[in-house]
$ cat start-v5.tsv   # TSV, C-alpha atoms and all ligand atoms
chain	number	residue	atom	x	y	z
A	14	MET	CA	9.95	9.27	1.03
A	15	ARG	CA	9.62	12.91	-0.04
A	16	ILE	CA	9.41	15.95	2.26
A	17	ASP	CA	8.46	19.34	0.81
A	18	ILE	CA	9.13	22.29	3.12
A	19	ILE	CA	7.48	25.64	2.36
A	20	THR	CA	9.13	28.69	3.91
A	21	VAL	CA	9.86	32.39	3.47
A	22	LEU	CA	13.45	31.72	4.61
A	23	PRO	CA	14.81	28.85	2.46
A	24	GLU	CA	18.41	29.87	3.27
A	25	LEU	CA	17.83	28.87	6.90
A	26	LEU	CA	17.31	25.25	5.82
A	27	GLU	CA	20.00	25.05	3.13
A	28	ASN	CA	22.85	23.57	5.20
A	29	PHE	CA	20.53	21.50	7.33
A	30	THR	CA	19.26	19.54	4.33
A	31	LYS	CA	22.80	18.89	3.01
A	32	GLU	CA	24.62	17.85	6.18
A	33	SER	CA	24.92	14.83	8.46
A	34	ILE	CA	22.38	12.00	8.43
A	35	VAL	CA	19.76	14.02	6.55
A	36	GLY	CA	22.25	14.86	3.79
A	37	ARG	CA	23.53	11.27	3.60
A	38	ALA	CA	20.01	9.83	3.54
A	39	GLN	CA	19.30	11.96	0.47
A	40	LYS	CA	22.51	10.82	-1.24
A	41	LYS	CA	21.52	7.21	-0.52
A	42	GLY	CA	18.14	7.87	-2.17
A	43	LEU	CA	16.14	7.19	1.02
A	44	VAL	CA	14.50	10.60	1.07
A	45	GLU	CA	14.10	13.66	-1.16
A	46	ILE	CA	13.84	16.99	0.60
A	47	HIS	CA	12.62	19.98	-1.43
A	48	VAL	CA	12.60	23.45	0.07
A	49	HIS	CA	10.24	25.94	-1.59
A	50	ASN	CA	10.47	29.70	-1.28
A	51	LEU	CA	6.89	30.85	-0.68
A	52	ARG	CA	7.73	34.16	-2.39
A	53	ASP	CA	8.01	32.28	-5.70
A	54	TYR	CA	4.27	31.66	-5.50
A	55	THR	CA	2.95	35.18	-4.91
A	56	LEU	CA	1.50	37.31	-7.71
A	57	ASP	CA	2.58	40.44	-5.83
A	58	LYS	CA	5.16	42.42	-7.78
A	59	TRP	CA	7.10	43.12	-4.56
A	60	ARG	CA	7.02	39.38	-3.72
A	61	ARG	CA	5.14	40.06	-0.47
A	62	VAL	CA	3.39	37.10	1.12
A	63	ASP	CA	1.99	38.83	4.22
A	64	ASP	CA	-0.49	41.61	5.00
A	65	TYR	CA	-2.00	43.48	7.96
A	66	PRO	CA	-4.45	41.50	10.10
A	67	PHE	CA	-8.16	42.34	10.01
A	68	GLY	CA	-9.29	43.73	13.37
A	69	GLY	CA	-6.31	46.00	13.82
A	70	PHE	CA	-4.21	43.48	15.77
A	71	ALA	CA	-0.42	43.81	15.96
A	72	GLY	CA	1.88	41.95	13.54
A	73	MET	CA	1.52	40.64	10.02
A	74	VAL	CA	-0.30	37.57	8.74
A	75	MET	CA	0.74	35.24	5.91
A	76	GLN	CA	-1.81	35.39	3.11
A	77	CYS	CA	-3.92	32.53	1.72
A	78	GLU	CA	-3.06	32.96	-1.95
A	79	PRO	CA	0.66	32.15	-2.15
A	80	ILE	CA	0.25	29.22	0.26
A	81	ASP	CA	-2.74	27.92	-1.72
A	82	ARG	CA	-0.85	28.26	-5.01
A	83	CYS	CA	2.23	26.47	-3.67
A	84	ILE	CA	0.37	23.59	-2.01
A	85	SER	CA	-2.03	23.19	-4.97
A	86	GLN	CA	0.93	23.01	-7.36
A	87	LEU	CA	2.60	20.30	-5.25
A	88	LYS	CA	-0.64	18.37	-4.84
A	89	SER	CA	-1.23	18.43	-8.61
A	90	GLU	CA	2.11	16.60	-9.05
A	91	ARG	CA	1.72	13.81	-6.47
A	92	HIS	CA	-0.36	12.56	-3.55
A	93	TYR	CA	0.58	13.81	-0.07
A	94	ASP	CA	-0.21	11.80	3.07
A	95	GLU	CA	-0.08	14.87	5.30
A	96	VAL	CA	0.05	18.64	4.88
A	97	ILE	CA	1.57	19.75	8.18
A	98	PHE	CA	1.57	23.26	9.65
A	99	THR	CA	4.14	24.01	12.35
A	100	THR	CA	2.42	25.97	15.10
A	101	PRO	CA	2.78	26.37	18.89
A	102	ASP	CA	-0.88	25.44	19.39
A	103	GLY	CA	-0.55	22.17	17.47
A	104	GLU	CA	-0.25	18.59	18.70
A	105	GLN	CA	3.05	18.07	20.53
A	106	PHE	CA	5.72	16.42	18.35
A	107	SER	CA	6.98	13.13	19.82
A	108	GLN	CA	8.90	9.99	18.91
A	109	PRO	CA	5.68	8.03	18.20
A	110	MET	CA	4.60	10.84	15.84
A	111	ALA	CA	8.03	10.78	14.13
A	112	ASN	CA	7.78	6.98	13.77
A	113	LYS	CA	4.33	7.29	12.19
A	114	LEU	CA	5.34	10.10	9.81
A	115	SER	CA	8.42	8.12	8.72
A	116	LEU	CA	6.01	5.58	7.20
A	117	CYS	CA	4.43	8.22	4.94
A	118	GLY	CA	5.25	8.43	1.26
A	119	ASN	CA	5.13	12.22	0.82
A	120	ILE	CA	4.53	15.02	3.29
A	121	ILE	CA	4.43	18.81	3.12
A	122	ILE	CA	5.61	20.93	6.05
A	123	LEU	CA	4.47	24.56	5.98
A	124	CYS	CA	6.51	26.97	8.12
A	125	GLY	CA	4.64	29.93	9.55
A	126	HIS	CA	6.18	33.34	10.17
A	127	TYR	CA	5.11	36.72	11.59
A	128	LYS	CA	1.85	36.36	13.59
A	129	GLY	CA	1.07	33.14	11.74
A	130	ILE	CA	-1.01	32.23	8.68
A	131	ASP	CA	-4.53	33.21	7.64
A	132	TYR	CA	-6.75	30.84	9.60
A	133	ARG	CA	-8.62	29.75	6.47
A	134	VAL	CA	-5.46	27.96	5.26
A	135	ARG	CA	-5.53	25.90	8.44
A	136	GLU	CA	-9.16	25.03	7.90
A	137	HIS	CA	-8.93	24.15	4.21
A	138	LEU	CA	-5.43	22.90	3.38
A	139	ILE	CA	-3.77	21.63	6.54
A	140	THR	CA	-4.27	18.02	7.66
A	141	LYS	CA	-2.06	18.10	10.77
A	142	GLU	CA	-0.86	20.89	13.10
A	143	VAL	CA	2.34	20.21	15.03
A	144	SER	CA	4.16	22.02	17.83
A	145	ILE	CA	7.72	21.19	18.90
A	146	GLY	CA	7.18	22.54	22.42
A	147	ASP	CA	5.47	25.07	24.64
A	148	TYR	CA	7.44	28.11	23.55
A	149	VAL	CA	7.19	30.50	20.61
A	150	LEU	CA	9.82	30.57	17.88
A	151	THR	CA	10.19	33.33	15.31
A	152	GLY	CA	9.33	31.00	12.44
A	153	GLY	CA	8.51	27.39	11.69
A	154	GLU	CA	11.85	26.58	9.99
A	155	LEU	CA	13.56	25.23	13.11
A	156	ALA	CA	10.44	23.19	13.91
A	157	ALA	CA	10.47	21.80	10.35
A	158	ALA	CA	14.17	20.94	10.74
A	159	VAL	CA	13.55	19.20	14.08
A	160	MET	CA	10.72	17.15	12.62
A	161	THR	CA	12.58	16.29	9.41
A	162	ASP	CA	15.67	15.18	11.33
A	163	ALA	CA	13.67	12.96	13.69
A	164	ILE	CA	11.76	11.41	10.77
A	165	VAL	CA	14.71	10.86	8.43
A	166	ARG	CA	17.09	9.30	10.99
A	167	ILE	CA	14.70	6.40	11.56
A	168	LEU	CA	14.22	5.58	7.85
A	169	PRO	CA	15.68	2.09	7.30
A	170	GLY	CA	19.30	2.51	6.17
A	171	ALA	CA	19.66	6.15	7.26
A	172	ILE	CA	21.85	5.28	10.23
A	173	GLY	CA	24.75	2.88	9.70
A	174	ASP	CA	23.83	0.68	12.64
A	175	GLU	CA	20.04	0.54	12.50
A	176	GLN	CA	19.88	-0.89	15.99
A	177	SER	CA	21.29	2.33	17.36
A	178	ALA	CA	18.16	4.31	16.34
A	179	LEU	CA	15.95	1.66	17.91
A	180	SER	CA	17.76	1.86	21.26
A	181	ASP	CA	17.52	5.65	21.46
A	182	SER	CA	15.38	7.33	24.10
A	183	PHE	CA	11.59	7.25	23.69
A	184	GLN	CA	11.52	4.11	21.54
A	185	ASP	CA	9.47	1.73	23.76
A	186	ASN	CA	8.78	4.69	26.08
A	187	LEU	CA	12.15	4.29	27.80
A	188	LEU	CA	15.13	6.61	28.11
A	189	ALA	CA	18.42	5.33	26.68
A	190	ALA	CA	21.01	3.58	28.87
A	191	PRO	CA	24.33	5.39	29.52
A	192	VAL	CA	27.06	4.88	26.90
A	193	TYR	CA	30.85	4.79	27.32
A	194	THR	CA	33.91	4.59	25.06
A	195	ARG	CA	37.65	4.04	25.50
A	196	PRO	CA	39.54	4.34	27.75
A	197	ALA	CA	37.84	2.09	30.31
A	198	GLU	CA	39.39	4.22	33.04
A	199	TYR	CA	39.88	7.98	32.89
A	200	LYS	CA	41.47	10.10	35.61
A	201	ASP	CA	39.71	9.30	38.90
A	202	TRP	CA	36.25	9.41	37.28
A	203	GLY	CA	35.61	5.72	37.90
A	204	ARG	CA	35.65	2.69	35.70
A	205	VAL	CA	33.25	1.71	32.93
A	206	PRO	CA	30.83	-0.95	34.32
A	207	ASP	CA	32.52	-4.38	34.16
A	208	VAL	CA	29.59	-5.96	32.36
A	209	LEU	CA	30.25	-3.76	29.30
A	210	LEU	CA	33.79	-5.11	29.10
A	211	SER	CA	32.70	-8.74	29.57
A	212	GLY	CA	31.78	-9.41	25.93
A	213	HIS	CA	28.74	-11.35	27.27
A	214	GLU	CA	25.99	-10.20	24.91
A	215	ALA	CA	22.98	-11.41	26.93
A	216	ARG	CA	24.25	-9.85	30.17
A	217	ILE	CA	25.04	-6.59	28.38
A	218	LYS	CA	21.49	-6.47	26.92
A	219	GLU	CA	20.02	-7.14	30.38
A	220	TRP	CA	22.19	-4.38	31.91
A	221	GLU	CA	21.11	-1.96	29.15
A	222	LEU	CA	17.42	-2.68	29.78
A	223	GLN	CA	17.76	-2.35	33.58
A	224	GLN	CA	19.60	0.97	33.17
A	225	SER	CA	16.90	2.24	30.81
A	226	ILE	CA	14.14	1.32	33.24
A	227	GLU	CA	15.97	2.78	36.25
A	228	ARG	CA	16.75	6.08	34.44
A	229	THR	CA	13.19	6.39	33.13
A	230	ARG	CA	11.72	5.77	36.62
A	231	ARG	CA	14.04	8.41	38.07
A	232	LEU	CA	13.99	11.08	35.32
A	233	ARG	CA	10.71	10.60	33.41
A	234	PRO	CA	8.25	8.57	35.52
A	235	ASP	CA	5.44	10.00	33.36
A	236	LEU	CA	6.60	7.76	30.46
A	237	LEU	CA	5.85	4.63	32.52
A	238	ARG	CA	2.44	5.69	33.81
A	239	GLY	CA	-0.14	2.97	33.21
A	240	THR	CA	2.50	0.40	32.12
A	241	PRO	CA	3.61	-2.72	34.09
A	242	LEU	CA	6.94	-0.93	34.74
A	243	GLU	CA	5.33	1.93	36.70
B	1	LIG	N1	1.01	34.08	16.94
B	1	LIG	C1	1.39	32.70	17.03
B	1	LIG	C2	0.85	32.11	18.33
B	1	LIG	O1	0.82	32.82	19.32
B	1	LIG	O2	0.52	30.91	18.35
B	1	LIG	C3	2.91	32.53	17.03
B	1	LIG	C4	3.52	32.92	15.73
B	1	LIG	S1	5.24	32.58	15.69
B	1	LIG	C5	5.96	34.12	16.06
B	1	LIG	C6	5.57	32.42	13.97
B	1	LIG	C7	5.58	30.98	13.45
B	1	LIG	O3	6.62	30.25	14.06
B	1	LIG	C8	4.34	30.16	13.70
B	1	LIG	O4	3.31	30.44	12.77
B	1	LIG	C9	4.86	28.75	13.57
B	1	LIG	O5	4.91	28.33	12.22
B	1	LIG	C10	6.27	28.87	14.10
B	1	LIG	N2	6.40	28.39	15.49
B	1	LIG	C11	6.60	29.16	16.58
B	1	LIG	N3	6.68	28.42	17.69
B	1	LIG	C12	6.51	27.14	17.32
B	1	LIG	C13	6.47	25.91	18.02
B	1	LIG	N4	6.63	25.85	19.34
B	1	LIG	N5	6.29	24.78	17.31
B	1	LIG	C14	6.13	24.82	15.97
B	1	LIG	N6	6.15	25.95	15.25
B	1	LIG	C15	6.34	27.11	15.90
$ encode --input "start-v5.tsv" --output "structure tokens" --more "lines below"
Ligand code: SAM
Amino acid sequence: MRIDIITVLPELLENFTKESIVGRAQKKGLVEIHVHNLRDYTLDKWRRVDDYPFGGFAGMVMQCEPIDRCISQLKSERHYDEVIFTTPDGEQFSQPMANKLSLCGNIIILCGHYKGIDYRVREHLITKEVSIGDYVLTGGELAAAVMTDAIVRILPGAIGDEQSALSDSFQDNLLAAPVYTRPAEYKDWGRVPDVLLSGHEARIKEWELQQSIERTRRLRPDLLRGTPLE
């Protein structure tokens, strides 16, 4: 898989793309992440990529031309399954969306800044608009990082124990069961549930499922709405 991120602040994403699971997934050849500085695509001698909005509104707007030049260049080199714009008024990012995007071959993620991007870019170049939540960030870089992380960690081979990604919250619409590590007893905080120390795989799986269902009913009943577990 290949993810191209277009931004005016490439430095913000530098460490993110090199570290942890995302960094290791690239070293293993599971994903290529390319960060493009939008300023490299402007014809403006001052490398500006924004201008004042028509209508006299406050703030600055990212211009069509550099975005068009950058995306057109990428699209002339390979096919992209999605050209995503990060925006608070987009479709809410979710685990099912991450699962679906992880099956793509190549995607572009365009990070907005300032007041946003010229609306014509959204109409002509963008295939999917995605929000990471009902709040406004300064730029789309953190949203791009959130999406990239969620997509890359579920690529086969990205996590050592693949089962661990599958038992995370939101897979199967359930929250994850509690997890414990040694020691089995700590201070007077209680003991780790006996079943986890039993070594009995089937009973442990059953306990994990029951815990997931109970926690989801208590903390996120909305996830079970319309399912037999409601
Ligand atoms: N004027 C825009 C609005 O009200 O919808 C907000 C612009 S925001 C200051 C600048 C950029 O940050 C946006 O263009 C978008 O790329 C990114 N951004 C902000 N909040 C976001 C969110 N919740 N999800 C995804 N991207 C977001």
$ residues_near_ligand --input "start-v5.tsv" --ligand "ligand LIG 1 (chain B)" --cutoff "6 Å" --atoms "only C-alpha atoms and all ligand atoms" --output "PyMOL selection string"
chain A and resi 99-102+124-129+144-153+156
$ write_last_selection --input "start-v5.tsv" --atoms "C-alpha atoms" --output "mmCIF file, in the frame of the given file"
data_model
loop_
_atom_site.group_PDB
_atom_site.id
_atom_site.type_symbol
_atom_site.label_atom_id
_atom_site.label_comp_id
_atom_site.auth_asym_id
_atom_site.auth_seq_id
_atom_site.Cartn_x
_atom_site.Cartn_y
_atom_site.Cartn_z
ATOM 1 C CA THR A 99 4.140 24.010 12.350
ATOM 2 C CA THR A 100 2.420 25.970 15.100
ATOM 3 C CA PRO A 101 2.780 26.370 18.890
ATOM 4 C CA ASP A 102 -0.880 25.440 19.390
ATOM 5 C CA CYS A 124 6.510 26.970 8.120
ATOM 6 C CA GLY A 125 4.640 29.930 9.550
ATOM 7 C CA HIS A 126 6.180 33.340 10.170
ATOM 8 C CA TYR A 127 5.110 36.720 11.590
ATOM 9 C CA LYS A 128 1.850 36.360 13.590
ATOM 10 C CA GLY A 129 1.070 33.140 11.740
ATOM 11 C CA SER A 144 4.160 22.020 17.830
ATOM 12 C CA ILE A 145 7.720 21.190 18.900
ATOM 13 C CA GLY A 146 7.180 22.540 22.420
ATOM 14 C CA ASP A 147 5.470 25.070 24.640
ATOM 15 C CA TYR A 148 7.440 28.110 23.550
ATOM 16 C CA VAL A 149 7.190 30.500 20.610
ATOM 17 C CA LEU A 150 9.820 30.570 17.880
ATOM 18 C CA THR A 151 10.190 33.330 15.310
ATOM 19 C CA GLY A 152 9.330 31.000 12.440
ATOM 20 C CA GLY A 153 8.510 27.390 11.690
ATOM 21 C CA ALA A 156 10.440 23.190 13.910
#
$ closest_residue --input "start-v5.tsv" --among "A:Thr161, A:Ser107, A:Ser33, A:Ser89" --to "Glu45 in chain A" --atoms "only C-alpha atoms"
A:Thr161
$ axis_aligned_box --input "start-v5.tsv" --around "range 193-212 of chain A" --padding-each-side "6 Å" --output "JSON"
{"center_x": 35.5, "center_y": 0.3, "center_z": 32.0, "size_x": 23.9, "size_y": 31.5, "size_z": 25.8}
$ atom_distance --input "start-v5.tsv" --atom1 "CA of Leu43 in chain A" --atom2 "CA of Leu114 in chain A"
14.2 Å
$ closest_residue --input "start-v5.tsv" --among "A:Ser177, A:Gln39, A:Gln184, A:Gln86" --to "Gln108 in chain A" --atoms "all atoms listed in the file"
A:Gln184
$ closest_residue --input "start-v5.tsv" --among "A:Leu168, A:Cys117, A:Ile46, A:Val74" --to "Tyr132 in chain A" --atoms "all atoms listed in the file"
A:Val74
$ residues_near_point --input "start-v5.tsv" --point "(-7.6, 31.7, 10.4)" --cutoff "12 Å" --atoms "all atoms listed in the file" --output "list in words"
Pro66, Phe67, Val74, Met75, Gln76, Cys77, Lys128, Gly129, Ile130, Asp131, Tyr132, Arg133, Val134, Arg135, Glu136, His137, Leu138 and Ile139 of chain A
$ write_last_selection --input "start-v5.tsv" --atoms "C-alpha atoms" --output "PDB file, keeping the file's coordinate frame"
ATOM      1  CA  PRO A  66      -4.450  41.500  10.100  1.00  0.00           C
ATOM      2  CA  PHE A  67      -8.160  42.340  10.010  1.00  0.00           C
ATOM      3  CA  VAL A  74      -0.300  37.570   8.740  1.00  0.00           C
ATOM      4  CA  MET A  75       0.740  35.240   5.910  1.00  0.00           C
ATOM      5  CA  GLN A  76      -1.810  35.390   3.110  1.00  0.00           C
ATOM      6  CA  CYS A  77      -3.920  32.530   1.720  1.00  0.00           C
ATOM      7  CA  LYS A 128       1.850  36.360  13.590  1.00  0.00           C
ATOM      8  CA  GLY A 129       1.070  33.140  11.740  1.00  0.00           C
ATOM      9  CA  ILE A 130      -1.010  32.230   8.680  1.00  0.00           C
ATOM     10  CA  ASP A 131      -4.530  33.210   7.640  1.00  0.00           C
ATOM     11  CA  TYR A 132      -6.750  30.840   9.600  1.00  0.00           C
ATOM     12  CA  ARG A 133      -8.620  29.750   6.470  1.00  0.00           C
ATOM     13  CA  VAL A 134      -5.460  27.960   5.260  1.00  0.00           C
ATOM     14  CA  ARG A 135      -5.530  25.900   8.440  1.00  0.00           C
ATOM     15  CA  GLU A 136      -9.160  25.030   7.900  1.00  0.00           C
ATOM     16  CA  HIS A 137      -8.930  24.150   4.210  1.00  0.00           C
ATOM     17  CA  LEU A 138      -5.430  22.900   3.380  1.00  0.00           C
ATOM     18  CA  ILE A 139      -3.770  21.630   6.540  1.00  0.00           C
TER      19      ILE A 139
END
$ closest_residue --input "start-v5.tsv" --among "A:Glu221, A:Glu27, A:Glu32, A:Glu78" --to "Asp53 in chain A" --atoms "all atoms listed in the file"
A:Glu78
$ residues_around --input "start-v5.tsv" --residues "Leu123 in chain A" --least-positions-apart "2" --cutoff "7 Å" --atoms "all atoms listed in the file" --output "PyMOL selection string"
chain A and resi 18-20+97-99+121+125
$ residues_around --input "start-v5.tsv" --residues "Thr55 in chain A" --least-positions-apart "2" --cutoff "9 Å" --atoms "all atoms listed in the file" --output "ChimeraX atom specification"
/A:51-53,57-62,78-80,82-83
$ atom_distance --input "start-v5.tsv" --atom1 "CA of Leu155 in chain A" --atom2 "CA of Glu24 in chain A"
11.9 Å
$ atom_distance --input "start-v5.tsv" --atom1 "CA of Ala111 in chain A" --atom2 "CA of Arg231 in chain A"
24.8 Å
$ residues_near_point --input "start-v5.tsv" --point "(4.4, 9.0, 3.2)" --cutoff "12 Å" --atoms "all atoms listed in the file" --output "JSON list (two decimals) with C-alpha atoms, keeping the file's coordinate frame"
[["chain", "number", "residue", "atom", "x", "y", "z"],
["A", 14, "MET", "CA", 9.95, 9.27, 1.03],
["A", 15, "ARG", "CA", 9.62, 12.91, -0.04],
["A", 16, "ILE", "CA", 9.41, 15.95, 2.26],
["A", 17, "ASP", "CA", 8.46, 19.34, 0.81],
["A", 44, "VAL", "CA", 14.50, 10.60, 1.07],
["A", 45, "GLU", "CA", 14.10, 13.66, -1.16],
["A", 91, "ARG", "CA", 1.72, 13.81, -6.47],
["A", 92, "HIS", "CA", -0.36, 12.56, -3.55],
["A", 93, "TYR", "CA", 0.58, 13.81, -0.07],
["A", 94, "ASP", "CA", -0.21, 11.80, 3.07],
["A", 95, "GLU", "CA", -0.08, 14.87, 5.30],
["A", 96, "VAL", "CA", 0.05, 18.64, 4.88],
["A", 111, "ALA", "CA", 8.03, 10.78, 14.13],
["A", 112, "ASN", "CA", 7.78, 6.98, 13.77],
["A", 113, "LYS", "CA", 4.33, 7.29, 12.19],
["A", 114, "LEU", "CA", 5.34, 10.10, 9.81],
["A", 115, "SER", "CA", 8.42, 8.12, 8.72],
["A", 116, "LEU", "CA", 6.01, 5.58, 7.20],
["A", 117, "CYS", "CA", 4.43, 8.22, 4.94],
["A", 118, "GLY", "CA", 5.25, 8.43, 1.26],
["A", 119, "ASN", "CA", 5.13, 12.22, 0.82],
["A", 120, "ILE", "CA", 4.53, 15.02, 3.29],
["A", 121, "ILE", "CA", 4.43, 18.81, 3.12],
["A", 164, "ILE", "CA", 11.76, 11.41, 10.77],
["A", 165, "VAL", "CA", 14.71, 10.86, 8.43],
["A", 168, "LEU", "CA", 14.22, 5.58, 7.85]]
$ residues_around --input "start-v5.tsv" --residues "Leu237 in chain A" --least-positions-apart "5" --cutoff "8 Å" --atoms "only C-alpha atoms" --output "list in words"
Asn186, Leu187, Thr229, Arg230, Leu242 and Glu243 of chain A
$ closest_residue --input "start-v5.tsv" --among "A:Glu104, A:Ala157, A:Ala71, A:Leu179" --to "Val143 in chain A" --atoms "all atoms listed in the file"
A:Glu104
$ build_atoms --input "start-v5.tsv" --residues "range 181-194 of chain A" --atoms "N, CA, C and O atoms" --output "compact mmCIF listing (two decimals), in the frame of the given file"
# COMPACT_ATOMS: atom_id res chain seq x y z
N ASP A 181 17.52 4.27 20.98
CA ASP A 181 17.52 5.65 21.46
C ASP A 181 16.36 5.87 22.42
O ASP A 181 15.40 5.11 22.44
N SER A 182 16.45 6.98 23.16
CA SER A 182 15.38 7.33 24.10
C SER A 182 14.05 7.43 23.37
O SER A 182 14.00 7.79 22.18
N PHE A 183 13.00 7.11 24.10
CA PHE A 183 11.59 7.25 23.69
C PHE A 183 11.09 6.12 22.79
O PHE A 183 9.89 6.00 22.60
N GLN A 184 12.01 5.30 22.21
CA GLN A 184 11.52 4.11 21.54
C GLN A 184 11.13 3.19 22.68
O GLN A 184 11.86 3.05 23.65
N ASP A 185 9.99 2.56 22.66
CA ASP A 185 9.47 1.73 23.76
C ASP A 185 9.21 2.54 25.02
O ASP A 185 9.23 1.99 26.13
N ASN A 186 9.07 3.85 24.91
CA ASN A 186 8.78 4.69 26.08
C ASN A 186 9.84 4.64 27.16
O ASN A 186 9.53 4.84 28.34
N LEU A 187 11.07 4.33 26.80
CA LEU A 187 12.15 4.29 27.80
C LEU A 187 13.25 5.27 27.40
O LEU A 187 13.47 5.51 26.21
N LEU A 188 13.95 5.81 28.41
CA LEU A 188 15.13 6.61 28.11
C LEU A 188 16.29 5.67 27.81
O LEU A 188 16.30 4.52 28.25
N ALA A 189 17.28 6.17 27.07
CA ALA A 189 18.42 5.33 26.68
C ALA A 189 19.30 5.05 27.90
O ALA A 189 19.35 5.84 28.85
N ALA A 190 20.03 3.91 27.84
CA ALA A 190 21.01 3.58 28.87
C ALA A 190 22.25 4.45 28.66
O ALA A 190 22.47 4.95 27.55
N PRO A 191 23.08 4.63 29.71
CA PRO A 191 24.33 5.39 29.52
C PRO A 191 25.25 4.69 28.52
O PRO A 191 25.18 3.47 28.37
N VAL A 192 26.09 5.47 27.84
CA VAL A 192 27.06 4.88 26.90
C VAL A 192 28.46 5.34 27.29
O VAL A 192 28.64 6.41 27.88
N TYR A 193 29.45 4.50 26.99
CA TYR A 193 30.85 4.79 27.32
C TYR A 193 31.73 4.41 26.13
O TYR A 193 31.35 3.57 25.32
N THR A 194 32.93 5.03 26.05
CA THR A 194 33.91 4.59 25.06
C THR A 194 35.29 4.55 25.70
O THR A 194 35.43 4.84 26.90
